[in-house]
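So this one's data-v2.cif, mmCIF, C-alpha atoms and all ligand atoms:
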data_structure
#
loop_
_atom_site.label_atom_id
_atom_site.label_comp_id
_atom_site.auth_asym_id
_atom_site.auth_seq_id
_atom_site.Cartn_x
_atom_site.Cartn_y
_atom_site.Cartn_z
CA MET L 1 8.05 0.32 -21.70
CA ARG L 2 6.69 -2.68 -19.88
CA ASP L 3 4.19 -3.49 -17.16
CA PHE L 4 4.97 -5.74 -14.17
CA ILE L 5 1.61 -7.39 -13.49
CA SER L 6 2.06 -11.16 -13.18
CA MET L 7 4.98 -13.57 -13.19
CA LYS L 8 3.03 -15.32 -15.97
CA ASP L 9 4.14 -12.46 -18.24
CA PHE L 10 7.85 -13.24 -17.75
CA THR L 11 10.15 -15.74 -19.37
CA LYS L 12 13.07 -17.18 -17.41
CA ASN L 13 15.37 -14.93 -19.39
CA ASP L 14 13.28 -11.84 -18.58
CA ILE L 15 13.67 -12.68 -14.89
CA LEU L 16 17.42 -13.13 -15.16
CA GLU L 17 17.68 -9.77 -16.96
CA VAL L 18 15.87 -8.03 -14.06
CA LEU L 19 18.22 -9.68 -11.55
CA LYS L 20 21.26 -8.67 -13.60
CA VAL L 21 20.15 -5.02 -13.68
CA ALA L 22 19.42 -5.15 -9.92
CA SER L 23 22.92 -6.44 -9.28
CA GLU L 24 24.44 -3.68 -11.43
CA LEU L 25 22.46 -0.98 -9.63
CA GLU L 26 22.91 -2.26 -6.07
CA GLY L 27 24.89 0.08 -3.84
CA LYS L 28 25.14 2.85 -6.43
CA ASN L 29 22.99 5.94 -6.41
CA SER L 30 22.43 6.23 -10.16
CA THR L 31 20.63 9.54 -9.85
CA GLU L 32 20.55 10.28 -13.58
CA LEU L 33 18.44 7.23 -14.39
CA LEU L 34 15.03 8.54 -13.31
CA LYS L 35 15.89 12.25 -13.45
CA ASN L 36 12.73 14.09 -14.63
CA SER L 37 10.60 10.96 -14.06
CA ILE L 38 7.60 11.02 -11.73
CA VAL L 39 6.27 7.85 -10.13
CA GLY L 40 2.57 7.64 -9.17
CA SER L 41 2.39 5.55 -5.98
CA LEU L 42 -1.18 4.39 -5.31
CA PHE L 43 -1.57 2.30 -2.15
CA PHE L 44 -5.18 1.30 -1.51
CA GLU L 45 -3.97 -1.16 1.18
CA PRO L 46 -1.43 -0.81 4.03
CA SER L 47 2.25 -1.44 3.30
CA THR L 48 5.62 -0.84 4.94
CA ARG L 49 8.29 -2.59 2.85
CA THR L 50 6.80 -2.41 -0.62
CA ARG L 51 5.85 1.26 -0.53
CA LEU L 52 8.99 2.44 1.27
CA SER L 53 11.42 0.40 -0.84
CA PHE L 54 9.74 1.54 -4.07
CA THR L 55 10.01 5.12 -2.77
CA SER L 56 13.65 4.63 -1.77
CA ALA L 57 14.37 3.17 -5.22
CA VAL L 58 12.85 6.25 -6.90
CA TYR L 59 14.92 8.67 -4.82
CA ARG L 60 18.12 6.66 -5.33
CA LEU L 61 17.54 6.90 -9.09
CA GLY L 62 16.89 10.65 -8.98
CA GLY L 63 13.12 10.53 -9.60
CA GLN L 64 10.16 11.96 -7.73
CA VAL L 65 7.06 10.39 -6.19
CA LEU L 66 3.45 11.51 -5.84
CA GLY L 67 0.50 9.50 -4.58
CA PHE L 68 -1.20 8.23 -1.46
CA ASP L 69 -0.70 5.55 1.17
CA SER L 70 -4.41 5.09 1.93
CA PRO L 71 -7.54 5.71 -0.15
CA ASP L 72 -9.14 7.61 2.76
CA ALA L 73 -8.11 11.08 1.56
CA THR L 74 -8.82 10.48 -2.15
CA SER L 75 -11.87 10.98 -4.35
CA LEU L 76 -12.57 7.25 -4.11
CA LYS L 77 -14.36 8.30 -0.93
CA LYS L 78 -16.71 10.33 -3.17
CA GLY L 79 -17.39 7.27 -5.31
CA GLU L 80 -14.75 7.71 -8.05
CA SER L 81 -13.88 4.51 -9.89
CA LEU L 82 -10.45 2.86 -10.10
CA ARG L 83 -10.62 3.43 -13.87
CA ASP L 84 -10.86 7.22 -13.43
CA THR L 85 -8.23 7.24 -10.68
CA ILE L 86 -5.81 5.54 -13.09
CA LYS L 87 -6.73 7.90 -15.97
CA MET L 88 -5.85 10.83 -13.71
CA THR L 89 -2.62 9.34 -12.39
CA GLU L 90 -1.33 8.53 -15.88
CA ALA L 91 -1.66 12.24 -16.67
CA TYR L 92 0.40 13.18 -13.61
CA SER L 93 3.16 10.54 -13.73
CA ASP L 94 5.40 8.42 -15.99
CA VAL L 95 4.82 5.07 -14.27
CA ILE L 96 2.25 3.82 -11.75
CA VAL L 97 2.95 1.57 -8.75
CA MET L 98 -0.31 0.22 -7.35
CA ARG L 99 -1.41 -1.97 -4.43
CA HIS L 100 -5.10 -2.82 -4.37
CA PRO L 101 -7.31 -5.22 -2.36
CA LYS L 102 -9.13 -6.67 -5.38
CA ASP L 103 -7.73 -9.68 -7.29
CA GLY L 104 -6.93 -8.66 -10.86
CA ALA L 105 -6.92 -4.90 -10.16
CA ALA L 106 -3.38 -4.55 -11.52
CA ARG L 107 -4.21 -6.13 -14.90
CA PHE L 108 -7.27 -3.90 -15.13
CA ALA L 109 -5.17 -0.80 -14.34
CA ALA L 110 -2.60 -1.77 -16.97
CA ASP L 111 -5.37 -2.10 -19.58
CA VAL L 112 -6.68 1.37 -18.71
CA SER L 113 -3.31 3.13 -18.36
CA LYS L 114 -1.09 4.59 -21.09
CA VAL L 115 1.93 4.54 -18.74
CA PRO L 116 3.46 1.32 -17.35
CA VAL L 117 1.83 -0.20 -14.28
CA ILE L 118 3.76 -2.08 -11.60
CA ASN L 119 1.68 -4.43 -9.46
CA ALA L 120 2.60 -3.90 -5.80
CA GLY L 121 0.12 -6.61 -4.74
CA ASP L 122 -3.46 -7.17 -5.97
CA GLY L 123 -5.61 -8.89 -3.36
CA ALA L 124 -4.73 -12.56 -2.98
CA ASN L 125 -3.62 -12.77 -6.59
CA GLU L 126 0.01 -11.77 -7.22
CA HIS L 127 2.95 -9.71 -5.93
CA PRO L 128 5.55 -9.85 -8.73
CA SER L 129 8.00 -7.26 -7.42
CA GLN L 130 8.19 -9.28 -4.17
CA THR L 131 8.93 -12.38 -6.24
CA LEU L 132 11.75 -10.65 -8.10
CA LEU L 133 13.38 -9.62 -4.82
CA ASP L 134 12.85 -13.14 -3.43
CA LEU L 135 14.62 -14.56 -6.49
CA TYR L 136 17.37 -11.97 -6.19
CA THR L 137 17.88 -13.10 -2.57
CA ILE L 138 17.97 -16.80 -3.48
CA GLN L 139 20.45 -16.11 -6.29
CA LYS L 140 22.69 -14.08 -3.97
CA GLU L 141 22.60 -16.75 -1.26
CA PHE L 142 23.17 -19.82 -3.44
CA GLY L 143 24.72 -18.38 -6.62
CA SER L 144 21.83 -19.89 -8.62
CA ILE L 145 18.08 -20.38 -8.41
CA GLU L 146 18.09 -23.73 -10.23
CA ASN L 147 17.01 -27.05 -8.70
CA LYS L 148 16.07 -25.80 -5.25
CA LYS L 149 13.69 -27.60 -2.95
CA VAL L 150 11.37 -24.93 -1.57
CA ALA L 151 8.81 -25.27 1.23
CA PHE L 152 6.02 -22.69 1.37
CA VAL L 153 4.55 -22.62 4.87
CA GLY L 154 1.39 -20.96 6.18
CA ASP L 155 -1.33 -19.11 4.29
CA LEU L 156 -0.98 -20.50 0.81
CA LYS L 157 -4.58 -19.85 -0.22
CA TYR L 158 -4.48 -16.07 0.17
CA GLY L 159 -0.69 -15.61 -0.06
CA ARG L 160 -0.07 -13.58 -3.22
CA THR L 161 3.68 -13.79 -2.65
CA VAL L 162 3.45 -17.59 -2.77
CA HIS L 163 1.34 -17.56 -5.94
CA SER L 164 3.80 -15.34 -7.80
CA LEU L 165 6.94 -17.06 -6.51
CA THR L 166 5.63 -20.52 -7.45
CA LYS L 167 5.00 -19.30 -11.02
CA ALA L 168 8.59 -18.05 -11.23
CA LEU L 169 10.39 -20.94 -9.53
CA GLU L 170 8.74 -23.52 -11.79
CA MET L 171 10.89 -22.06 -14.59
CA PHE L 172 14.04 -22.91 -12.60
CA ASN L 173 13.34 -26.61 -12.18
CA CYS L 174 12.52 -26.25 -8.50
CA GLU L 175 10.53 -28.74 -6.42
CA PHE L 176 7.83 -27.58 -4.00
CA TYR L 177 6.42 -28.58 -0.64
CA PHE L 178 3.18 -26.78 0.22
CA VAL L 179 2.82 -26.87 4.01
CA ALA L 180 -0.65 -25.76 5.16
CA PRO L 181 -3.88 -27.03 6.68
CA GLU L 182 -6.46 -27.98 4.08
CA SER L 183 -8.54 -24.79 4.43
CA ILE L 184 -5.64 -22.56 3.38
CA GLN L 185 -3.72 -24.93 1.07
CA ILE L 186 -2.38 -23.82 -2.30
CA PRO L 187 -5.28 -23.16 -4.72
CA GLU L 188 -6.22 -25.74 -7.31
CA TYR L 189 -5.70 -23.31 -10.20
CA ILE L 190 -2.00 -23.31 -9.30
CA THR L 191 -1.57 -27.06 -8.78
CA ARG L 192 -3.43 -27.64 -12.07
CA GLU L 193 -0.79 -25.55 -13.82
CA LEU L 194 2.03 -27.42 -12.03
CA ASP L 195 0.46 -30.75 -13.02
CA SER L 196 0.19 -29.69 -16.66
CA LYS L 197 3.91 -28.88 -16.70
CA GLY L 198 4.98 -31.97 -14.78
CA ILE L 199 6.43 -29.93 -11.88
CA LYS L 200 7.04 -32.01 -8.75
CA TYR L 201 5.21 -30.87 -5.59
CA THR L 202 3.89 -32.37 -2.35
CA LEU L 203 1.10 -31.18 -0.03
CA VAL L 204 2.28 -31.43 3.58
CA ASP L 205 0.63 -30.94 7.01
CA ASP L 206 3.73 -30.53 9.16
CA TYR L 207 6.95 -28.76 8.15
CA LYS L 208 8.95 -31.06 10.49
CA ASP L 209 8.36 -33.92 8.02
CA ILE L 210 10.34 -32.17 5.26
CA LEU L 211 12.71 -29.85 7.13
CA LYS L 212 15.78 -31.96 6.36
CA GLU L 213 15.00 -31.97 2.62
CA ILE L 214 14.67 -28.30 1.81
CA ASP L 215 16.98 -25.50 0.67
CA VAL L 216 14.52 -22.65 1.23
CA MET L 217 11.79 -22.33 3.85
CA TYR L 218 9.37 -19.60 2.76
CA MET L 219 7.29 -18.70 5.82
CA THR L 220 4.13 -16.61 5.47
CA ARG L 221 1.72 -14.85 7.80
CA ILE L 222 -1.82 -16.16 8.19
CA GLN L 223 -3.57 -13.11 6.73
CA LYS L 224 -6.47 -12.34 9.05
CA GLU L 225 -7.72 -9.55 6.77
CA ARG L 226 -8.38 -11.91 3.84
CA PHE L 227 -10.60 -14.47 5.62
CA ASP L 228 -14.38 -14.40 5.10
CA SER L 229 -15.01 -14.80 8.86
CA ILE L 230 -13.08 -14.46 12.10
CA GLU L 231 -14.13 -18.06 12.97
CA GLU L 232 -12.37 -19.40 9.87
CA TYR L 233 -9.25 -17.39 10.73
CA GLU L 234 -9.19 -18.59 14.35
CA LYS L 235 -9.22 -22.24 13.24
CA VAL L 236 -5.75 -21.80 11.70
CA ALA L 237 -4.23 -18.82 13.54
CA GLY L 238 -0.86 -19.69 15.09
CA ILE L 239 -0.75 -23.11 13.44
CA TYR L 240 2.94 -22.90 12.45
CA ILE L 241 5.39 -21.18 14.75
CA ILE L 242 9.11 -21.69 14.27
CA ASN L 243 11.91 -20.72 16.62
CA LYS L 244 15.57 -21.53 17.28
CA GLU L 245 14.71 -24.80 19.01
CA SER L 246 12.52 -26.06 16.17
CA ILE L 247 15.12 -25.34 13.46
CA LEU L 248 18.67 -25.73 14.87
CA GLY L 249 20.18 -29.14 14.11
CA ARG L 250 17.02 -30.23 12.25
CA CYS L 251 17.65 -28.78 8.77
CA LYS L 252 20.35 -28.63 6.08
CA GLU L 253 23.33 -26.53 7.20
CA ASN L 254 22.87 -24.07 4.32
CA MET L 255 19.07 -23.83 4.42
CA ILE L 256 17.72 -20.30 4.42
CA ILE L 257 14.49 -18.99 5.90
CA LEU L 258 12.69 -16.30 3.91
CA HIS L 259 9.50 -14.42 4.76
CA PRO L 260 7.95 -11.57 2.76
CA LEU L 261 7.05 -9.93 6.08
CA PRO L 262 5.28 -8.54 8.04
CA ARG L 263 5.43 -11.41 10.54
CA VAL L 264 3.04 -11.79 13.45
CA ASP L 265 3.86 -14.88 15.52
CA GLU L 266 5.07 -17.44 12.94
CA ILE L 267 8.80 -16.72 13.41
CA GLU L 268 9.96 -16.07 16.97
CA ILE L 269 12.64 -13.41 17.30
CA ASP L 270 15.26 -15.82 18.70
CA LEU L 271 15.61 -17.14 15.13
CA ASP L 272 16.70 -13.72 13.86
CA GLU L 273 20.25 -14.16 15.19
CA THR L 274 20.78 -17.53 13.48
CA LYS L 275 22.52 -18.03 10.13
CA TYR L 276 19.30 -19.38 8.64
CA ALA L 277 17.34 -16.14 8.95
CA ARG L 278 17.52 -14.08 5.76
CA TYR L 279 14.22 -12.19 5.86
CA PHE L 280 15.70 -8.80 6.72
CA GLU L 281 18.34 -9.10 3.96
CA GLN L 282 15.48 -10.19 1.68
CA ALA L 283 13.49 -7.02 2.50
CA ALA L 284 16.60 -4.87 1.96
CA ASN L 285 17.01 -6.46 -1.49
CA GLY L 286 13.72 -4.77 -2.36
CA VAL L 287 15.56 -1.54 -3.12
CA PRO L 288 17.95 -2.68 -5.92
CA THR L 289 15.28 -5.01 -7.31
CA ARG L 290 12.73 -2.20 -7.50
CA GLU L 291 15.34 0.13 -8.98
CA ALA L 292 15.77 -2.46 -11.75
CA ILE L 293 12.00 -2.68 -12.20
CA PHE L 294 11.74 1.10 -12.74
CA ALA L 295 14.74 1.15 -15.06
CA ILE L 296 13.22 -1.61 -17.22
CA ALA L 297 9.61 -0.34 -17.06
CA LEU L 298 10.76 3.05 -18.34
CA ASP L 299 13.31 1.75 -20.87
CA LYS L 300 16.24 3.36 -19.05
CA VAL L 301 18.48 0.32 -19.49
CA ASP L 302 19.05 -2.10 -22.35
CA VAL L 303 17.74 -5.59 -21.68
CA VAL L 304 17.19 -8.55 -23.97
CA LYS L 305 13.42 -8.81 -24.48
CA GLU L 306 11.80 -12.12 -25.25
CA SER L 307 8.29 -12.37 -26.63
CA MET L 308 5.88 -14.64 -24.78
CA GLU L 309 3.59 -17.04 -26.50
CA GLU L 310 0.42 -15.10 -27.48
CA LYS L 311 -2.49 -15.75 -25.10
CA ASP L 312 -5.87 -16.64 -26.56
CA ILE L 313 -7.85 -13.76 -25.00
CA LYS L 314 -11.60 -13.58 -25.58
CA LYS L 315 -14.36 -11.15 -24.56
CA SER L 316 -17.86 -12.15 -23.56
CA GLU L 317 -20.88 -10.72 -21.78
CA THR L 318 -21.99 -14.17 -20.66
CA VAL L 319 -18.75 -15.72 -19.40
CA VAL L 320 -18.18 -14.50 -15.82
CA CYS L 321 -15.40 -14.85 -13.26
CA LEU L 322 -16.29 -17.16 -10.37
CA ASN L 323 -14.13 -15.23 -7.92
CA GLU L 324 -16.27 -12.82 -5.86
CA LYS L 325 -13.14 -10.84 -4.95
CA CYS L 326 -12.23 -10.16 -8.60
CA ILE L 327 -11.99 -6.59 -9.87
CA THR L 328 -14.65 -7.48 -12.48
CA LYS L 329 -17.24 -7.48 -9.66
CA VAL L 330 -16.71 -3.79 -8.86
CA GLU L 331 -15.41 -2.12 -12.05
CA LYS L 332 -16.82 -2.04 -15.54
CA THR L 333 -14.36 -4.18 -17.50
CA GLU L 334 -14.28 -5.72 -20.96
CA ASN L 335 -15.06 -9.10 -19.35
CA LYS L 336 -12.04 -10.82 -20.83
CA TYR L 337 -11.04 -14.42 -20.27
CA VAL L 338 -8.19 -16.62 -21.47
CA VAL L 339 -8.49 -19.98 -23.17
CA ASN L 340 -5.63 -22.36 -22.42
CA LYS L 341 -6.12 -25.78 -24.00
CA ASN L 342 -9.50 -26.90 -22.60
CA HIS L 343 -9.44 -24.55 -19.66
CA LYS L 344 -10.84 -20.99 -19.39
CA TYR L 345 -9.67 -18.54 -16.76
CA CYS L 346 -10.22 -14.90 -15.87
CA TYR L 347 -7.88 -12.55 -17.75
CA TYR L 348 -7.70 -10.28 -14.68
CA CYS L 349 -7.42 -12.57 -11.64
CA ASN L 350 -6.49 -16.00 -13.15
CA LYS L 351 -9.37 -17.82 -11.40
CA ASP L 352 -11.90 -20.03 -13.18
CA VAL L 353 -14.71 -18.53 -15.26
CA LYS L 354 -18.11 -19.98 -16.13
N1 LIG L 401 6.22 -7.91 1.72
C1 LIG L 401 5.30 -6.94 1.69
O1 LIG L 401 4.51 -6.79 0.74
O2 LIG L 401 5.30 -6.14 2.81
P1 LIG L 401 4.39 -4.86 3.01
O3 LIG L 401 2.96 -5.32 3.07
O4 LIG L 401 4.85 -4.22 4.28
O5 LIG L 401 4.60 -3.97 1.82
#

For this file, write the structure as structure tokens.
Ligand code: CP
Amino acid sequence: MRDFISMKDFTKNDILEVLKVASELEGKNSTELLKNSIVGSLFFEPSTRTRLSFTSAVYRLGGQVLGFDSPDATSLKKGESLRDTIKMTEAYSDVIVMRHPKDGAARFAADVSKVPVINAGDGANEHPSQTLLDLYTIQKEFGSIENKKVAFVGDLKYGRTVHSLTKALEMFNCEFYFVAPESIQIPEYITRELDSKGIKYTLVDDYKDILKEIDVMYMTRIQKERFDSIEEYEKVAGIYIINKESILGRCKENMIILHPLPRVDEIEIDLDETKYARYFEQAANGVPTREAIFAIALDKVDVVKESMEEKDIKKSETVVCLNEKCITKVEKTENKYVVNKNHKYCYYCNKDVK
């Protein structure tokens, strides 16, 4: 049994095993695999693709789903904690899929739960199942993930898909361009990690400057709901908009454009008909990838398991997470942090502690 919480928990080989299982399951309805298994699907935030593709994956594998798509009709409204919600769901299901607005909520849930937890997005922190389907798409398109030049464009500060995908692609010797205005650039805790590993990356203002260089353009939505004020959002809303005219004849012939979706205005629909657009195929790849995630989480398939280097995890009443959006600010946790060389970071949300 294994959790899917952060791409930090995966080796390169672990990732390749997930993609191999996804490829084996794609297009088949292997309805014996999750027969008699119940999936608890807890969505505290809106979702179309993640929730529906997880649900589709369960049905295609012969399992059943219970849960909710909004916290409005749950006992959270009466003041119940996330801890107790998880303790109840573990009693009713064999695996939990959870999306939550707080950074680090998935790690917290996995600590509390006796059944595996799959992170379907925790605040601005991570979205590992999205990353696995992104990697599956890149592998299908190019035959390999290795040595790609990838531009992330848009909301890189709050973009959990970007944070998870960067952590994964660094294992495949990829090079990054982070294209964003300063206020929503890639967070320092990620570039610090890239620096420590000697991964090549460049901060860029305008995607036009690097369009000819890249293999993958990973567009993202500016996420209005994550900004502290509407004024801050309006300063950057609509900053990058691509369309047929801005891409055709200006990029590599085999470049692909990905987007985790939903999109708002950053990709105009005239691009959809071009050979570069792969975002709908990418979303469709969510089904086999999430089938593989269930199969591995519940030990329904044999995969080669590698052990990660042990983390130096400590507990303290006095060391606190500096991130106000961390789960530790609203739930009673064990106040854990990780020591990595001279640096300390929050065990739950990966941000700095003090
Ligand atoms: N990509 C993604 O997470 O989409 P949803 O928010 O619709 O699930």

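Considering all atoms listed in the file, the residues that reside within 9 Å of ligand LIG 401 (chain L) can be listed as Glu45, Pro46, Ser47, Thr48, Arg49, Thr50, Arg51, Leu52, Ser53, Arg99, Ala120, Gly121, His127, Ser129, Gln130, Thr161, His259, Pro260, Leu261, Pro262 and Ala283 of chain L.
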
*Which one is closest to Gly123 of chain L: L:Lys305, L:Arg221, L:Lys200, L:Lys325? Count all atoms listed in the file.*
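Closest to Gly123 of chain L, using all atoms listed in the file: L:Lys325.
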
*Fewer than 2 positions away in the same chain doesn't count, so skip those; otherwise give me all residues within 12 Å of Thr328 of chain L, counting all atoms listed in the file, as a ChimeraX atom specification.*
/L:82-83,102-109,317,319-326,330-337,346-351,353

*So which one's closest to Ile257 of chain L, L:Thr137, L:Ala180, L:Ser316, L:Asp206? Using all atoms listed in the file, please.*
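Comparing L:Thr137, L:Ala180, L:Ser316, L:Asp206 against Ile257 of chain L, the winner is L:Thr137.
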
Build an axis-aligned box that encloses every atom of segment 117-130 of chain L listed in the file, pad it by 3 Å on each side, and report its centre and edge lengths in Å to one decimal, as JSON.
{"center_x": 1.3, "center_y": -6.5, "center_z": -8.6, "size_x": 19.8, "size_y": 18.6, "size_z": 17.3}
